[in-house]
>>> print(open('upload-v3.cif').read())   # mmCIF, C-alpha atoms
data_final
#
loop_
_atom_site.label_atom_id
_atom_site.label_comp_id
_atom_site.auth_asym_id
_atom_site.auth_seq_id
_atom_site.Cartn_x
_atom_site.Cartn_y
_atom_site.Cartn_z
CA MET D 178 -92.56 40.37 -15.91
CA SER D 179 -90.92 43.57 -17.13
CA ILE D 180 -88.14 45.43 -15.32
CA SER D 181 -88.34 49.19 -15.13
CA ARG D 182 -85.47 51.51 -16.00
CA ARG D 183 -85.28 52.47 -12.33
CA SER D 184 -84.85 48.81 -11.37
CA LEU D 185 -82.17 48.32 -14.02
CA LEU D 186 -80.35 51.40 -12.75
CA ALA D 187 -80.55 50.13 -9.17
CA LEU D 188 -79.18 46.73 -10.21
CA SER D 189 -76.35 48.36 -12.15
CA LEU D 190 -75.42 50.54 -9.20
CA ALA D 191 -75.52 47.54 -6.88
CA SER D 192 -73.22 45.59 -9.21
CA LEU D 193 -70.79 48.49 -9.36
CA SER D 194 -70.82 48.76 -5.57
CA LEU D 195 -70.07 45.06 -5.15
CA ALA D 196 -67.25 45.29 -7.66
CA ALA D 197 -65.81 48.26 -5.81
CA LEU D 198 -66.02 46.40 -2.51
CA ALA D 199 -64.24 43.41 -4.00
CA ALA D 200 -61.51 45.64 -5.41
CA ASN D 201 -61.07 47.35 -2.05
CA ALA D 202 -60.85 43.95 -0.32
CA ALA D 203 -58.18 42.87 -2.79
CA GLU D 204 -56.16 46.00 -1.98
CA ALA D 205 -56.75 45.90 1.78
CA PRO D 206 -53.55 45.10 3.69
CA ILE D 207 -52.89 41.57 4.86
CA VAL D 208 -52.22 41.74 8.59
CA ILE D 209 -49.33 39.58 9.77
CA GLY D 210 -48.53 38.96 13.41
CA TYR D 211 -44.89 38.22 14.15
CA GLN D 212 -42.81 37.63 17.26
CA THR D 213 -39.20 38.37 18.12
CA GLY D 214 -37.69 34.93 17.61
CA VAL D 215 -34.43 34.90 15.66
CA ASP D 216 -34.70 33.26 12.23
CA PRO D 217 -33.43 33.96 8.68
CA SER D 218 -36.80 35.14 7.33
CA LYS D 219 -36.49 38.33 9.41
CA VAL D 220 -34.02 39.47 6.72
CA ALA D 221 -36.66 39.00 4.00
CA GLN D 222 -39.13 40.90 6.19
CA ALA D 223 -36.67 43.77 6.66
CA ASP D 224 -35.99 43.90 2.90
CA GLY D 225 -39.69 44.05 1.95
CA LEU D 226 -39.48 40.83 -0.05
CA TYR D 227 -42.86 39.57 1.17
CA GLU D 228 -44.63 42.66 -0.17
CA LYS D 229 -42.91 42.25 -3.53
CA ALA D 230 -43.81 38.56 -3.82
CA ILE D 231 -47.43 38.85 -2.68
CA GLY D 232 -48.17 42.08 -4.53
CA ARG D 233 -50.35 43.40 -1.74
CA PRO D 234 -49.76 45.86 1.08
CA LEU D 235 -48.82 44.09 4.29
CA GLN D 236 -49.28 45.33 7.83
CA TRP D 237 -46.78 43.77 10.25
CA ARG D 238 -47.81 43.66 13.91
CA LYS D 239 -45.34 42.63 16.60
CA PHE D 240 -46.57 40.46 19.48
CA GLU D 241 -44.77 39.44 22.66
CA SER D 242 -46.39 36.08 23.32
CA GLY D 243 -48.35 33.23 21.79
CA ALA D 244 -51.38 34.06 23.94
CA GLU D 245 -51.57 37.52 22.39
CA VAL D 246 -51.19 36.14 18.87
CA LEU D 247 -53.90 33.54 19.48
CA ALA D 248 -56.35 36.19 20.63
CA ALA D 249 -55.66 38.27 17.51
CA LEU D 250 -56.05 35.27 15.17
CA ALA D 251 -59.24 34.11 16.85
CA SER D 252 -60.81 37.57 16.58
CA GLY D 253 -59.76 38.01 12.95
CA ASP D 254 -57.48 40.97 13.74
CA VAL D 255 -54.62 39.20 11.94
CA HIS D 256 -54.67 36.86 8.94
CA ILE D 257 -51.26 35.18 9.28
CA ALA D 258 -49.29 34.74 12.49
CA ASP D 259 -46.09 33.32 13.93
CA LEU D 260 -46.88 30.84 16.72
CA GLY D 261 -45.07 28.34 18.88
CA SER D 262 -46.09 24.68 19.02
CA SER D 263 -47.63 24.96 22.48
CA PRO D 264 -50.06 27.82 21.70
CA LEU D 265 -50.79 26.18 18.33
CA SER D 266 -51.72 22.96 20.09
CA ALA D 267 -53.91 24.83 22.56
CA ALA D 268 -55.63 26.67 19.68
CA ALA D 269 -56.28 23.46 17.74
CA THR D 270 -57.56 21.75 20.88
CA ARG D 271 -60.06 24.59 21.27
CA GLN D 272 -60.89 24.09 17.56
CA LEU D 273 -60.05 27.65 16.56
CA PRO D 274 -60.14 28.21 12.75
CA ILE D 275 -56.36 28.05 12.24
CA GLN D 276 -54.07 26.08 9.92
CA THR D 277 -50.33 25.52 10.29
CA PHE D 278 -48.84 25.96 6.83
CA LEU D 279 -45.10 26.34 7.39
CA ILE D 280 -42.59 25.34 10.07
CA VAL D 281 -40.31 28.25 10.93
CA ALA D 282 -37.86 26.52 13.25
CA GLU D 283 -37.30 23.40 15.24
CA ILE D 284 -36.28 25.14 18.42
CA GLY D 285 -32.88 24.52 20.00
CA ASN D 286 -30.84 26.87 22.17
CA SER D 287 -32.79 29.95 21.09
CA GLU D 288 -35.02 29.39 24.13
CA ALA D 289 -33.54 28.67 27.54
CA LEU D 290 -34.11 28.62 31.28
CA VAL D 291 -31.63 31.06 32.79
CA ALA D 292 -30.87 31.44 36.49
CA ARG D 293 -29.84 34.87 37.76
CA LYS D 294 -26.44 35.19 39.39
CA GLY D 295 -26.91 35.56 43.12
CA SER D 296 -30.20 33.63 43.08
CA GLY D 297 -28.60 30.56 44.61
CA ILE D 298 -29.75 28.38 41.73
CA LYS D 299 -27.01 25.96 40.67
CA THR D 300 -29.02 22.77 40.14
CA PRO D 301 -32.66 22.01 39.24
CA GLN D 302 -33.42 21.23 42.90
CA ASP D 303 -32.45 24.81 43.76
CA LEU D 304 -35.52 26.04 41.84
CA ILE D 305 -37.78 25.01 44.74
CA GLY D 306 -39.17 28.09 46.42
CA LYS D 307 -37.74 30.42 43.74
CA LYS D 308 -39.62 32.85 41.50
CA VAL D 309 -39.46 31.73 37.86
CA ALA D 310 -40.91 33.90 35.10
CA VAL D 311 -42.31 32.59 31.81
CA PRO D 312 -44.91 33.79 29.28
CA TYR D 313 -47.93 31.52 29.77
CA VAL D 314 -49.27 29.55 26.79
CA SER D 315 -45.88 29.69 25.08
CA THR D 316 -43.29 27.17 23.94
CA THR D 317 -41.10 28.16 26.89
CA HIS D 318 -43.98 27.55 29.31
CA TYR D 319 -44.39 24.07 27.84
CA SER D 320 -40.63 23.46 27.97
CA LEU D 321 -40.43 24.64 31.58
CA LEU D 322 -43.19 22.25 32.66
CA ALA D 323 -41.56 19.42 30.68
CA ALA D 324 -38.18 20.10 32.29
CA LEU D 325 -39.73 20.12 35.78
CA LYS D 326 -41.40 16.79 35.01
CA HIS D 327 -38.05 15.38 33.83
CA TRP D 328 -36.40 16.57 37.03
CA LYS D 329 -39.32 15.18 39.08
CA LEU D 330 -40.07 18.61 40.54
CA ASP D 331 -43.61 19.65 41.44
CA PRO D 332 -44.40 23.01 39.72
CA ALA D 333 -46.43 23.96 42.81
CA LYS D 334 -43.17 24.06 44.80
CA LEU D 335 -41.94 26.94 42.61
CA SER D 336 -43.39 30.41 42.28
CA ILE D 337 -44.08 30.46 38.53
CA VAL D 338 -45.19 33.90 37.34
CA ASN D 339 -46.72 34.87 34.01
CA LEU D 340 -44.73 37.71 32.43
CA ARG D 341 -44.32 38.87 28.84
CA PRO D 342 -40.72 38.97 27.52
CA SER D 343 -40.41 42.75 27.97
CA GLU D 344 -41.73 42.39 31.52
CA ILE D 345 -39.21 39.63 32.17
CA SER D 346 -36.37 41.95 31.08
CA ALA D 347 -37.57 44.68 33.43
CA ALA D 348 -38.16 42.29 36.35
CA TRP D 349 -34.72 40.74 35.78
CA GLN D 350 -32.99 44.12 35.95
CA ARG D 351 -34.83 44.96 39.19
CA GLY D 352 -33.91 41.59 40.70
CA ASP D 353 -37.58 40.68 41.15
CA ILE D 354 -37.22 37.17 39.68
CA ASP D 355 -34.71 34.37 40.21
CA ALA D 356 -34.96 32.65 36.84
CA ALA D 357 -36.73 32.93 33.49
CA TYR D 358 -37.46 30.64 30.54
CA VAL D 359 -37.66 32.95 27.52
CA TRP D 360 -36.44 33.81 24.02
CA ASP D 361 -34.70 36.84 22.50
CA PRO D 362 -34.36 39.74 23.04
CA ALA D 363 -35.12 39.01 26.72
CA LEU D 364 -32.90 35.91 26.59
CA SER D 365 -29.86 37.99 25.65
CA GLN D 366 -30.58 40.33 28.57
CA THR D 367 -30.76 37.49 31.07
CA LEU D 368 -27.55 35.89 29.79
CA LYS D 369 -25.57 39.01 30.72
CA THR D 370 -26.05 38.27 34.42
CA GLY D 371 -27.21 34.67 34.43
CA SER D 372 -26.36 31.12 33.43
CA VAL D 373 -28.31 28.54 31.43
CA LEU D 374 -29.83 25.74 33.47
CA VAL D 375 -31.34 24.02 30.41
CA ASN D 376 -32.31 24.94 26.86
CA SER D 377 -35.08 23.70 24.58
CA GLU D 378 -32.76 21.46 22.57
CA GLN D 379 -32.05 19.46 25.73
CA VAL D 380 -35.73 19.43 26.72
CA GLY D 381 -36.55 18.17 23.23
CA GLN D 382 -34.12 15.30 23.70
CA TRP D 383 -36.05 14.42 26.86
CA GLY D 384 -39.17 13.90 24.75
CA ALA D 385 -40.74 17.37 24.58
CA PRO D 386 -39.53 19.06 21.37
CA THR D 387 -40.91 22.45 20.40
CA PHE D 388 -41.16 24.32 17.14
CA GLU D 389 -42.24 27.67 15.76
CA ALA D 390 -44.64 27.86 12.83
CA TRP D 391 -46.61 30.18 10.59
CA GLY D 392 -50.35 29.73 10.88
CA ALA D 393 -53.23 31.33 9.02
CA ARG D 394 -56.94 31.70 9.58
CA LYS D 395 -58.77 29.01 7.61
CA ASP D 396 -61.07 31.51 5.91
CA PHE D 397 -58.10 33.57 4.73
CA ALA D 398 -56.25 30.44 3.56
CA ALA D 399 -59.26 29.35 1.51
CA ALA D 400 -59.66 32.79 -0.09
CA GLN D 401 -55.97 33.62 -0.63
CA PRO D 402 -54.01 30.44 -1.42
CA GLN D 403 -51.57 32.20 -3.75
CA ALA D 404 -50.74 34.79 -1.08
CA LEU D 405 -49.83 32.02 1.35
CA ALA D 406 -47.84 30.21 -1.34
CA ALA D 407 -45.88 33.41 -2.08
CA PHE D 408 -45.33 33.91 1.65
CA ALA D 409 -44.03 30.36 1.99
CA LYS D 410 -41.73 30.74 -1.03
CA VAL D 411 -40.05 33.88 0.36
CA THR D 412 -39.59 32.24 3.77
CA LEU D 413 -38.15 29.05 2.33
CA GLN D 414 -35.71 31.03 0.18
CA ALA D 415 -34.49 32.85 3.29
CA PHE D 416 -33.93 29.50 4.99
CA ALA D 417 -32.05 28.20 1.93
CA ASP D 418 -29.85 31.31 1.85
CA TYR D 419 -28.87 30.81 5.48
CA ARG D 420 -28.30 27.09 5.24
CA ALA D 421 -26.15 27.50 2.11
CA LYS D 422 -23.69 29.86 3.86
CA PRO D 423 -24.34 30.05 7.62
CA ALA D 424 -20.86 31.46 8.26
CA ALA D 425 -21.78 34.55 6.22
CA TRP D 426 -24.35 35.46 8.88
CA SER D 427 -21.67 36.68 11.26
CA VAL D 428 -21.88 39.35 13.96
CA GLY D 429 -20.95 42.23 11.64
CA SER D 430 -22.97 41.04 8.64
CA PRO D 431 -25.91 42.96 7.11
CA GLN D 432 -28.14 39.95 7.77
CA VAL D 433 -27.47 39.99 11.51
CA ALA D 434 -27.94 43.77 11.63
CA LYS D 435 -31.39 43.42 10.04
CA ILE D 436 -32.43 40.63 12.42
CA ALA D 437 -31.24 42.67 15.40
CA ARG D 438 -33.20 45.71 14.22
CA LEU D 439 -36.45 43.75 13.90
CA THR D 440 -36.15 41.61 17.02
CA GLY D 441 -34.12 43.69 19.46
CA ALA D 442 -31.75 40.75 19.95
CA ASP D 443 -28.09 41.31 20.80
CA PRO D 444 -26.13 41.03 17.50
CA ALA D 445 -23.37 39.15 19.34
CA GLN D 446 -25.88 36.41 20.26
CA ILE D 447 -27.63 36.09 16.90
CA PRO D 448 -25.18 33.79 15.02
CA GLY D 449 -25.29 31.31 17.91
CA LEU D 450 -29.07 31.47 18.14
CA LEU D 451 -29.39 30.82 14.40
CA ALA D 452 -27.01 27.88 14.65
CA GLY D 453 -29.02 26.47 17.56
CA SER D 454 -32.26 25.98 15.62
CA ARG D 455 -33.07 24.11 12.41
CA PHE D 456 -34.88 25.90 9.58
CA PRO D 457 -36.50 23.24 7.33
CA LEU D 458 -36.36 23.50 3.53
CA ALA D 459 -39.31 22.63 1.28
CA GLN D 460 -38.74 18.87 1.04
CA GLU D 461 -38.17 18.64 4.77
CA GLN D 462 -41.36 20.63 5.36
CA LEU D 463 -43.35 18.13 3.29
CA SER D 464 -41.74 15.06 4.79
CA PRO D 465 -43.54 12.67 7.16
CA ARG D 466 -41.43 14.16 9.97
CA LEU D 467 -43.13 17.58 9.64
CA LEU D 468 -46.18 18.74 7.64
CA GLY D 469 -46.61 15.25 6.18
CA GLY D 470 -47.75 13.87 9.54
CA GLY D 471 -45.17 14.60 12.23
CA THR D 472 -46.43 18.11 12.98
CA ALA D 473 -49.97 16.87 13.64
CA LYS D 474 -48.60 14.17 15.92
CA ALA D 475 -46.45 16.72 17.76
CA LEU D 476 -49.49 18.95 18.29
CA ARG D 477 -51.43 16.02 19.75
CA ASP D 478 -48.52 14.95 21.95
CA THR D 479 -48.26 18.53 23.21
CA ALA D 480 -52.00 18.59 23.92
CA LEU D 481 -51.72 15.33 25.90
CA PHE D 482 -48.99 16.87 28.02
CA LEU D 483 -50.97 20.10 28.49
CA LYS D 484 -53.98 18.06 29.59
CA GLU D 485 -51.82 16.19 32.07
CA GLN D 486 -50.70 19.57 33.41
CA LYS D 487 -54.38 20.72 33.51
CA LYS D 488 -53.74 23.47 30.95
CA VAL D 489 -56.38 22.12 28.51
CA GLU D 490 -59.46 20.04 29.26
CA THR D 491 -59.62 17.71 26.26
CA VAL D 492 -57.46 16.27 23.49
CA LEU D 493 -58.66 15.78 19.92
CA PRO D 494 -58.33 12.33 18.27
CA ASP D 495 -56.40 13.84 15.36
CA TYR D 496 -54.79 17.24 14.64
CA GLN D 497 -54.15 16.88 10.89
CA ALA D 498 -57.08 19.22 10.14
CA TYR D 499 -54.94 22.00 11.65
CA VAL D 500 -51.94 21.29 9.41
CA GLU D 501 -51.97 22.11 5.69
CA PRO D 502 -48.95 21.28 3.46
CA ARG D 503 -50.47 22.37 0.14
CA PHE D 504 -49.13 25.93 0.34
CA VAL D 505 -45.54 24.68 0.42
CA ARG D 506 -46.36 22.53 -2.63
CA LEU D 507 -47.84 25.60 -4.34
CA ALA D 508 -44.70 27.57 -3.45
CA GLN D 509 -42.60 24.99 -5.30
CA THR D 510 -44.55 25.68 -8.50
CA ARG D 511 -44.17 29.46 -8.39
#
>>> encode(input="upload-v3.cif", output="structure tokens")
Amino acid sequence: MSISRRSLLALSLASLSLAALAANAAEAPIVIGYQTGVDPSKVAQADGLYEKAIGRPLQWRKFESGAEVLAALASGDVHIADLGSSPLSAAATRQLPIQTFLIVAEIGNSEALVARKGSGIKTPQDLIGKKVAVPYVSTTHYSLLAALKHWKLDPAKLSIVNLRPSEISAAWQRGDIDAAYVWDPALSQTLKTGSVLVNSEQVGQWGAPTFEAWGARKDFAAAQPQALAAFAKVTLQAFADYRAKPAAWSVGSPQVAKIARLTGADPAQIPGLLAGSRFPLAQEQLSPRLLGGGTAKALRDTALFLKEQKKVETVLPDYQAYVEPRFVRLAQTR
């Protein structure tokens, strides 16, 4: 069967159009959702090192809570996102197309439950009847519930309100809330006129550790493995820089200034917040404690707790399908 010149022309034009579309897709910005947690990679973000390593335009979008990030990832509005372990567990439990590919921080004192001066809260028992603010579906929400369980306090006996970090800061200044479990920059604001009742390092020691991680949509991860590997490499180098000389990240340092600019955190608080969390290097990331098995177990343990608290309906038998270590391995070869 012969093909006419018109058909050949149409096929050629179609091929050119597809090639143009592919080229445009390759140049389209990668959308990255980040939150305001304090960690060394914020310096790399401020310096544009991710753009240089990936070789693609990046669009950074700031989110206030894990719930917002989850919605953006699920809809495809972002390709890569910074998430806490509790929203990650909830997302995996709902079988959203997300993979955890890098642990940002094992959370310590960078998240805390702070009681406002004048609230009458001196001990955990004093929380009964008080208004406590927390962003729902967040690591601090999980930690708050875990702390209440440890203290044998019924959450129903507190007035727990769902507020974003910026809303917590405003409500705190107005005196509308008695306590808040939150991270920076809101944490720094609450500490000016409040005292820490418990932080996430202590809650972790009680059996409910939390972490922050980078996750990616599975379709993006499959199509752009080298972009994720480059992203992981830049992040891990930032962690290595901090861990090699943590004292250099002092209040007046350029590193702290860059973190403060991106997060809104109080520069005076940043060195302590950095020291209060652990930022795993490549071999630690790949170890059985983290991406090599421990992260999947932690996600399932979190889901079991969330089910007990009636925050999710089911728990999956295994969460390893939502954890992918190969991008850290690829980063080591770059």
>>> residues_around(input="upload-v3.cif", residues="D:Val208", least_positions_apart="5", cutoff="8 Å", atoms="all atoms listed in the file", output="list of chain:residue names")
D:Leu235, D:Gln236, D:Trp237, D:Arg238, D:Asp254, D:Val255, D:His256, D:Ile257
>>> residues_around(input="upload-v3.cif", residues="D:Pro342", least_positions_apart="2", cutoff="6 Å", atoms="all atoms listed in the file", output="MDAnalysis selection string")
chainID D and resid 344:345 363
>>> closest_residue(input="upload-v3.cif", among="D:Val215, D:Ala452, D:Ala390, D:Ala445", to="D:Val500", atoms="all atoms listed in the file")
D:Ala390
>>> closest_atom_pairs(input="upload-v3.cif", of="stretch 318-418 of chain D", to="stretch 282-294 of chain D", cutoff="12 Å", atoms="all atoms listed in the file", output="CSV")
residue,atom,partner,partner_atom,distance
D:His318,CA,D:Leu290,CA,10.1
D:Tyr319,CA,D:Glu288,CA,11.4
D:Ser320,CA,D:Ala289,CA,8.8
D:Leu321,CA,D:Leu290,CA,7.5
D:Leu322,CA,D:Leu290,CA,11.2
D:Ala323,CA,D:Leu290,CA,11.9
D:Ala324,CA,D:Leu290,CA,9.5
D:Leu325,CA,D:Leu290,CA,11.1
D:Pro342,CA,D:Glu288,CA,11.7
D:Ile345,CA,D:Val291,CA,11.5
D:Ser346,CA,D:Arg293,CA,11.7
D:Ala348,CA,D:Arg293,CA,11.2
D:Trp349,CA,D:Arg293,CA,7.9
D:Gln350,CA,D:Arg293,CA,9.9
D:Arg351,CA,D:Arg293,CA,11.3
D:Gly352,CA,D:Arg293,CA,8.4
D:Asp353,CA,D:Arg293,CA,10.3
D:Ile354,CA,D:Arg293,CA,8.0
D:Asp355,CA,D:Arg293,CA,5.5
D:Ala356,CA,D:Ala292,CA,4.3
D:Ala357,CA,D:Val291,CA,5.5
D:Tyr358,CA,D:Leu290,CA,4.0
D:Val359,CA,D:Glu288,CA,5.6
D:Trp360,CA,D:Glu288,CA,4.6
D:Asp361,CA,D:Ser287,CA,7.3
D:Pro362,CA,D:Ser287,CA,10.1
D:Ala363,CA,D:Glu288,CA,10.0
D:Leu364,CA,D:Glu288,CA,7.3
D:Ser365,CA,D:Ser287,CA,9.7
D:Gln366,CA,D:Val291,CA,10.2
D:Thr367,CA,D:Val291,CA,6.7
D:Leu368,CA,D:Val291,CA,7.0
D:Lys369,CA,D:Arg293,CA,9.2
D:Thr370,CA,D:Lys294,CA,5.9
D:Gly371,CA,D:Arg293,CA,4.2
D:Ser372,CA,D:Val291,CA,5.3
D:Val373,CA,D:Val291,CA,4.4
D:Leu374,CA,D:Leu290,CA,5.6
D:Val375,CA,D:Leu290,CA,5.4
D:Asn376,CA,D:Ala289,CA,4.0
D:Ser377,CA,D:Gly285,CA,5.1
D:Glu378,CA,D:Gly285,CA,4.0
D:Gln379,CA,D:Gly285,CA,7.7
D:Val380,CA,D:Gly285,CA,8.9
D:Gly381,CA,D:Gly285,CA,8.0
D:Gln382,CA,D:Gly285,CA,10.0
D:Ala385,CA,D:Ile284,CA,10.9
D:Pro386,CA,D:Ile284,CA,7.5
D:Thr387,CA,D:Ile284,CA,5.7
D:Phe388,CA,D:Glu283,CA,4.4
D:Glu389,CA,D:Ala282,CA,5.2
D:Ala390,CA,D:Ala282,CA,6.9
D:Trp391,CA,D:Ala282,CA,9.9
D:Thr412,CA,D:Ala282,CA,11.2
D:Leu413,CA,D:Ala282,CA,11.2
D:Phe416,CA,D:Ala282,CA,9.6
>>> atom_distance(input="upload-v3.cif", atom1="atom CA of D:Gly469", atom2="atom CA of D:Phe278")
11.0 Å
>>> decode(input="upload-v3.cif", residues="stretch 217-239 of chain D", atoms="N, CA, C and O atoms", output="short mmCIF file (atom, residue, chain, number, x, y, z; two decimals), in the first residue's frame")
data_model
loop_
_atom_site.label_atom_id
_atom_site.label_comp_id
_atom_site.auth_asym_id
_atom_site.auth_seq_id
_atom_site.Cartn_x
_atom_site.Cartn_y
_atom_site.Cartn_z
N PRO D 217 20.37 21.83 57.15
CA PRO D 217 21.49 22.38 56.38
C PRO D 217 21.21 22.56 54.89
O PRO D 217 21.83 23.43 54.25
N SER D 218 20.32 21.76 54.31
CA SER D 218 20.11 21.85 52.87
C SER D 218 19.44 23.16 52.45
O SER D 218 19.42 23.49 51.26
N LYS D 219 18.91 23.92 53.40
CA LYS D 219 18.33 25.23 53.07
C LYS D 219 19.42 26.16 52.53
O LYS D 219 19.15 27.06 51.74
N VAL D 220 20.68 25.94 52.95
CA VAL D 220 21.79 26.74 52.44
C VAL D 220 22.01 26.44 50.95
O VAL D 220 22.18 27.34 50.12
N ALA D 221 22.00 25.15 50.60
CA ALA D 221 22.14 24.76 49.19
C ALA D 221 20.99 25.32 48.35
O ALA D 221 21.19 25.75 47.21
N GLN D 222 19.79 25.32 48.92
CA GLN D 222 18.63 25.88 48.23
C GLN D 222 18.83 27.38 48.00
O GLN D 222 18.60 27.89 46.89
N ALA D 223 19.28 28.09 49.03
CA ALA D 223 19.50 29.53 48.91
C ALA D 223 20.59 29.86 47.89
O ALA D 223 20.51 30.88 47.19
N ASP D 224 21.59 28.98 47.77
CA ASP D 224 22.72 29.22 46.87
C ASP D 224 22.45 28.76 45.43
O ASP D 224 23.33 28.90 44.57
N GLY D 225 21.30 28.16 45.17
CA GLY D 225 20.98 27.71 43.82
C GLY D 225 21.74 26.47 43.39
O GLY D 225 21.87 26.19 42.19
N LEU D 226 22.22 25.69 44.36
CA LEU D 226 23.03 24.52 44.02
C LEU D 226 22.21 23.39 43.40
O LEU D 226 22.73 22.59 42.62
N TYR D 227 20.93 23.32 43.75
CA TYR D 227 20.08 22.28 43.16
C TYR D 227 19.89 22.53 41.67
O TYR D 227 19.95 21.59 40.86
N GLU D 228 19.66 23.77 41.29
CA GLU D 228 19.49 24.09 39.87
C GLU D 228 20.75 23.75 39.08
O GLU D 228 20.67 23.19 37.98
N LYS D 229 21.91 24.06 39.67
CA LYS D 229 23.17 23.78 38.98
C LYS D 229 23.38 22.28 38.79
O LYS D 229 23.83 21.83 37.74
N ALA D 230 23.06 21.50 39.81
CA ALA D 230 23.30 20.06 39.75
C ALA D 230 22.33 19.35 38.83
O ALA D 230 22.71 18.43 38.09
N ILE D 231 21.08 19.77 38.85
CA ILE D 231 20.04 19.08 38.06
C ILE D 231 20.05 19.57 36.61
O ILE D 231 19.73 18.81 35.69
N GLY D 232 20.44 20.82 36.40
CA GLY D 232 20.48 21.35 35.04
C GLY D 232 19.11 21.64 34.46
O GLY D 232 18.95 21.63 33.23
N ARG D 233 18.16 21.87 35.30
CA ARG D 233 16.80 22.18 34.89
C ARG D 233 16.29 23.34 35.73
O ARG D 233 16.69 23.50 36.89
N PRO D 234 15.37 24.14 35.20
CA PRO D 234 14.76 25.16 36.06
C PRO D 234 13.91 24.51 37.14
O PRO D 234 13.24 23.50 36.90
N LEU D 235 14.00 25.05 38.34
CA LEU D 235 13.23 24.54 39.47
C LEU D 235 12.29 25.61 39.97
O LEU D 235 12.65 26.78 40.03
N GLN D 236 11.11 25.21 40.35
CA GLN D 236 10.14 26.12 40.94
C GLN D 236 9.90 25.68 42.39
O GLN D 236 9.35 24.61 42.65
N TRP D 237 10.33 26.50 43.34
CA TRP D 237 10.20 26.17 44.76
C TRP D 237 8.91 26.76 45.30
O TRP D 237 8.67 27.96 45.19
N ARG D 238 8.09 25.91 45.91
CA ARG D 238 6.83 26.35 46.50
C ARG D 238 6.82 26.05 47.99
O ARG D 238 7.05 24.91 48.39
N LYS D 239 6.59 27.08 48.79
CA LYS D 239 6.59 26.90 50.24
C LYS D 239 5.21 26.50 50.75
O LYS D 239 4.20 27.09 50.36
#
